[in-house]
Structure formats: structure tokens, C-alpha cells
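**Q** Have a look at the structure that comes next, please.
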Amino acid sequence: MTSSLESLAVDGALRHRTATEFVEATLKAAILDGRLAGGLPLRQEEVAAVFGVSRMPVREAMRRLEAQALLDFVPHKGAVVTEISAEDAADNYAIRRALEPAALTLSIPKLTADDFARAGDLIAEMDSEADEGRVGELNRRFHMALYARAGRAKLLALAEQQLAVADRYLRFHLAAKGREHLSQDEHRALLAAAERRDTDAAVAVLLEHVDTAAATIAAFFRERDSGR
């Protein structure tokens with residue numbers, strides 16, 4: 001596996017794009033397939049030199065990659081390739097599987113028409129949101145809108161904390177697989193079951209939703225690792 005920016009093969013077929021798109025697409029492909037390892041620093045001036053462009057398109061490309069959870073900006077270090085692993089993802093989904101059904105079960109009987117309307121609005125926002133950086137935030141807010149009446153402050157804090165962690169995996173997943181893999185049908189089914197006050201059905205949809213996401217990210221890592 002390549003872990004050096006200097007040894008990155010720059011795909012000349014992408015040169016027809018703008019400089020920003022060219023840098024973004026090439027770095028994105030290298031991060032997703034593991035040629036640029038997690039934790040690798042990417043300094044703007046070095047990236048610009050490798051790609052033969054100015055620092056301005058590199059800066060914008062890095063901002064876009066951060067929104068997709070492919071880069072992190074670390075104090076005193078700058079941009080680094082996101083460190084993400086199958087094991088960490090599996091832990092996050094296992095914790096969510098334990099916490100969120102409990103919060104949903106407690107919340108459903110107390111949810112109001114305003115809560116349902118808010119959740120529906122958030123689904124609509126996710127449908128139209130073009131900024132990958134906001135998709136995870138909207139997803140978290142949607143789920144928390146349905147858990148909000150649980151009446152258990154510590155449970156809700158833990159659930160929201162894990163949803164915030166899951167934001168990274170969701171954005172990484174969408175970067176790898178595309179926006180069509182955002183599980184909006186499951187979101188709509190979850191909301192519909194909650195509106196019917198059908199707790200069993202809502203929990204079943206939620207568990208399927210979490211399990212599908214976990215299986216998808218696990219499959220991504222298996223495919224990537226087998227190709228090395």
C-alpha cells in the first residue's frame with residue numbers, strides 16, 4: 001500500500017476537470033482505496049507541487065474532502081488522512097444498536113405532532129442537501145427528533161454522542177458509494193411507524209437501518225483490503 005504523497009500516481013485522465021476537481025478526485029480515490037494511509041499528513045504546498053497547481057485549488061479540494069470525512073484538520077499538524085477502521089465502525093454500530101432502540105421505545109408514546117413534522121422536514125432537507133458535511137448533522141438531528149421524548153437525559157446524551165461519531169462513517173460511506181446509498185426509505189419507514197405509535201415496527205426498522213449501515217461499511221473494508 002502506498003503511504004507517500006510523492007509516490008501517488010496522478011491520473012492524467014482527470015486533467016479535463018477544474019484544478020480543484022482534479023485534486024479532489026485524485027486524492028479521494030487514493031484515500032478510499034487505501035493508497036494514502038490513515039494519519040498521513042497532507043501539506044498544501046506539497047500537494048500543490050505534486051499536482052502542479054497553485055495552493056488555492058488544493059485548499060478548496062481539502063475543504064471538500066474534510067466535508068466527506070476523508071480528511072481531518074488537526075491543530076499544529078494540518079490536514080491528515082482520516083483514520084477509520086472496520087473495527088471502530090463495528091463498535092460504533094454495536095453501541096448504537098443497544099442504545100437507540102431503548103431511546104426510541106421510551107420516546108414514541110410521548111412524541112407530538114410537532115416532533116413528527118420536524119423529523120419529516122429533516123428527511124426533506126437530507127433529500128435536497130448538496131453539502132456532504134451537513135448530511136451527517138441532518139441525519140443525527142432526524143434520529144434525535146424521534147428519541148427526544150425518552151425522558152432519560154444520560155441515555156439521550158450517549159445516543160447523540162454515538163450518532164455524532166457515526167457521522168464520520170456515514171459521510172465516508174457516501175463518499176465511497178454515492179448519495180443514492182443514503183437510506184431515506186428506511187428513514188421514512190421509521191417515521192411512519194413512529195407516527196402510528198407502532199413501537200415494535202419502529203424498532204424493527206431502526207435495527208434493520210443500523211444493521212444495513214454496519215454491513216455496508218464492513219463490506220467496503222473487506223473489498224478494499226482484499227484488493228491490496
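Ligands are numbered from 1 in the order shown, chains are lettered A, B, ... in the order of the C-alpha cells, and residues start at 1 in each chain.
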Could you list, as a list in words, every residue within 10 Å of Lys77 in chain A, counting only C-alpha atoms and ignoring same-chain residues fewer than 3 positions away?
**A**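 Final neighbour list, sorted by chain and number: Pro41, Leu42, Arg43, Asp72, Phe73, Val74 and Val80 of chain A.
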**Q** Report as a list of chain:residue names: the residues of range 7-219 of chain A with a DSSP assignment of strand (DSSP E or B), based on the backbone of this structure.
**A**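 DSSP-assigned strand (DSSP E or B) residues in range 7-219 of chain A: A:Pro41, A:Leu42, A:Leu71, A:Asp72, A:Phe73, A:Val74, A:Gly78, A:Ala79, A:Val80, A:Val81.
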**Q** Please report, as a Markdown table, each residue of range 71-112 of chain A lying at most 12 Å from range 201-205 of chain A, together with the nearest pair of atoms and the separation in Å rounded to one decimal; use only C-alpha atoms, and order rows by chain and ascending residue number.
**A**
```
| residue | atom | partner | partner_atom | distance |
| --- | --- | --- | --- | --- |
| A:Arg97 | CA | A:Val203 | CA | 10.0 |
| A:Ala98 | CA | A:Val203 | CA | 11.1 |
| A:Leu99 | CA | A:Val203 | CA | 11.3 |
| A:Glu100 | CA | A:Val203 | CA | 8.7 |
| A:Pro101 | CA | A:Val203 | CA | 5.7 |
| A:Ala102 | CA | A:Val203 | CA | 8.7 |
| A:Ala103 | CA | A:Val203 | CA | 9.9 |
| A:Leu104 | CA | A:Val203 | CA | 7.2 |
| A:Thr105 | CA | A:Val203 | CA | 7.3 |
| A:Leu106 | CA | A:Val203 | CA | 11.0 |
| A:Ser107 | CA | A:Ala202 | CA | 11.2 |
| A:Ile108 | CA | A:Ala202 | CA | 8.9 |
| A:Pro109 | CA | A:Ala202 | CA | 11.8 |
```
**Q** Save out the residues we just selected, C-alpha atoms, as a PDB file, in the first residue's frame.
**A**
```
ATOM      1  CA  ARG A  97     -27.869  -0.936  18.215  1.00  0.00           C
ATOM      2  CA  ALA A  98     -28.018  -1.157  22.001  1.00  0.00           C
ATOM      3  CA  LEU A  99     -28.815   2.468  22.809  1.00  0.00           C
ATOM      4  CA  GLU A 100     -31.150   3.768  20.131  1.00  0.00           C
ATOM      5  CA  PRO A 101     -33.957   1.160  20.323  1.00  0.00           C
ATOM      6  CA  ALA A 102     -34.209   1.851  24.055  1.00  0.00           C
ATOM      7  CA  ALA A 103     -34.468   5.614  23.457  1.00  0.00           C
ATOM      8  CA  LEU A 104     -36.992   5.146  20.651  1.00  0.00           C
ATOM      9  CA  THR A 105     -39.174   2.801  22.717  1.00  0.00           C
ATOM     10  CA  LEU A 106     -39.368   5.292  25.580  1.00  0.00           C
ATOM     11  CA  SER A 107     -39.934   8.255  23.264  1.00  0.00           C
ATOM     12  CA  ILE A 108     -42.641   7.074  20.844  1.00  0.00           C
ATOM     13  CA  PRO A 109     -45.628   7.271  23.239  1.00  0.00           C
TER      14      PRO A 109
END
```
**Q** So which residues touch range 85-87 of chain A within 10 Å, counting only C-alpha atoms, skipping near sequence neighbours fewer than 3 positions away, as a ChimeraX atom specification?
**A** /A:38,82,90-92,169,214,217-222
**Q** Filtering to N, CA, C and O atoms, could you give me those residues as a PDB file, in the first residue's frame?
**A**
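File written: again.pdb
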```pdb
ATOM      1  N   GLY A  38      -4.379   6.163   6.556  1.00  0.00           N
ATOM      2  CA  GLY A  38      -4.912   6.979   7.631  1.00  0.00           C
ATOM      3  C   GLY A  38      -3.804   7.556   8.487  1.00  0.00           C
ATOM      4  O   GLY A  38      -2.827   6.876   8.812  1.00  0.00           O
ATOM      5  N   THR A  82      -8.000  10.782   7.133  1.00  0.00           N
ATOM      6  CA  THR A  82      -8.831  10.250   8.212  1.00  0.00           C
ATOM      7  C   THR A  82      -8.440   8.818   8.544  1.00  0.00           C
ATOM      8  O   THR A  82      -8.257   7.987   7.658  1.00  0.00           O
ATOM      9  N   ALA A  90     -17.538  -1.077  13.464  1.00  0.00           N
ATOM     10  CA  ALA A  90     -18.354  -2.145  14.041  1.00  0.00           C
ATOM     11  C   ALA A  90     -18.709  -1.832  15.491  1.00  0.00           C
ATOM     12  O   ALA A  90     -19.848  -2.076  15.934  1.00  0.00           O
ATOM     13  N   ASP A  91     -17.749  -1.279  16.249  1.00  0.00           N
ATOM     14  CA  ASP A  91     -18.032  -0.899  17.634  1.00  0.00           C
ATOM     15  C   ASP A  91     -19.126   0.159  17.691  1.00  0.00           C
ATOM     16  O   ASP A  91     -20.047   0.089  18.517  1.00  0.00           O
ATOM     17  N   ASN A  92     -19.009   1.167  16.829  1.00  0.00           N
ATOM     18  CA  ASN A  92     -19.997   2.244  16.833  1.00  0.00           C
ATOM     19  C   ASN A  92     -21.393   1.724  16.540  1.00  0.00           C
ATOM     20  O   ASN A  92     -22.364   2.069  17.242  1.00  0.00           O
ATOM     21  N   TYR A 169     -18.650   7.922   9.698  1.00  0.00           N
ATOM     22  CA  TYR A 169     -18.816   6.704   8.902  1.00  0.00           C
ATOM     23  C   TYR A 169     -19.852   6.906   7.797  1.00  0.00           C
ATOM     24  O   TYR A 169     -19.704   6.391   6.691  1.00  0.00           O
ATOM     25  N   ALA A 214     -24.073  -0.989   9.047  1.00  0.00           N
ATOM     26  CA  ALA A 214     -22.900  -1.714   9.552  1.00  0.00           C
ATOM     27  C   ALA A 214     -22.387  -2.709   8.517  1.00  0.00           C
ATOM     28  O   ALA A 214     -21.169  -2.819   8.295  1.00  0.00           O
ATOM     29  N   ILE A 217     -20.589  -0.818   5.487  1.00  0.00           N
ATOM     30  CA  ILE A 217     -19.236  -0.311   5.737  1.00  0.00           C
ATOM     31  C   ILE A 217     -18.265  -1.467   5.936  1.00  0.00           C
ATOM     32  O   ILE A 217     -17.104  -1.401   5.523  1.00  0.00           O
ATOM     33  N   ALA A 218     -18.730  -2.569   6.535  1.00  0.00           N
ATOM     34  CA  ALA A 218     -17.868  -3.746   6.692  1.00  0.00           C
ATOM     35  C   ALA A 218     -17.494  -4.324   5.329  1.00  0.00           C
ATOM     36  O   ALA A 218     -16.342  -4.716   5.101  1.00  0.00           O
ATOM     37  N   ALA A 219     -18.474  -4.373   4.423  1.00  0.00           N
ATOM     38  CA  ALA A 219     -18.211  -4.884   3.077  1.00  0.00           C
ATOM     39  C   ALA A 219     -17.225  -3.985   2.340  1.00  0.00           C
ATOM     40  O   ALA A 219     -16.348  -4.468   1.606  1.00  0.00           O
ATOM     41  N   PHE A 220     -17.342  -2.679   2.544  1.00  0.00           N
ATOM     42  CA  PHE A 220     -16.407  -1.749   1.909  1.00  0.00           C
ATOM     43  C   PHE A 220     -14.981  -2.058   2.347  1.00  0.00           C
ATOM     44  O   PHE A 220     -14.063  -2.137   1.518  1.00  0.00           O
ATOM     45  N   PHE A 221     -14.766  -2.249   3.638  1.00  0.00           N
ATOM     46  CA  PHE A 221     -13.412  -2.521   4.129  1.00  0.00           C
ATOM     47  C   PHE A 221     -12.909  -3.874   3.632  1.00  0.00           C
ATOM     48  O   PHE A 221     -11.721  -4.009   3.298  1.00  0.00           O
ATOM     49  N   ARG A 222     -13.778  -4.871   3.577  1.00  0.00           N
ATOM     50  CA  ARG A 222     -13.355  -6.179   3.070  1.00  0.00           C
ATOM     51  C   ARG A 222     -12.902  -6.073   1.621  1.00  0.00           C
ATOM     52  O   ARG A 222     -11.864  -6.623   1.229  1.00  0.00           O
TER      53      ARG A 222
END
```
**Q** Pick from A:Asp33, A:Thr26, A:Ala67, A:Arg171: nearest to Val47 in chain A, with only C-alpha atoms counted?
**A** A:Thr26
**Q** For CA of Leu163 in chain A and CA of Arg140 in chain A, quote the distance in Å rounded to one decimal.
**A**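 Value for the CA of Leu163 in chain A-CA of Arg140 in chain A distance: 5.7 Å.
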**Q** So which residues touch Gly133 in chain A within 12 Å, counting only C-alpha atoms, skipping near sequence neighbours fewer than 4 positions away, as a PyMOL selection string?
**A** chain A and resi 63-71+126+129+137-139+167-172+174-175
**Q** What's the separation between CA of Val210 in chain A and CA of Leu158 in chain A, in Å to one decimal place?
**A**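 Between these atoms lies a distance of 16.1 Å.
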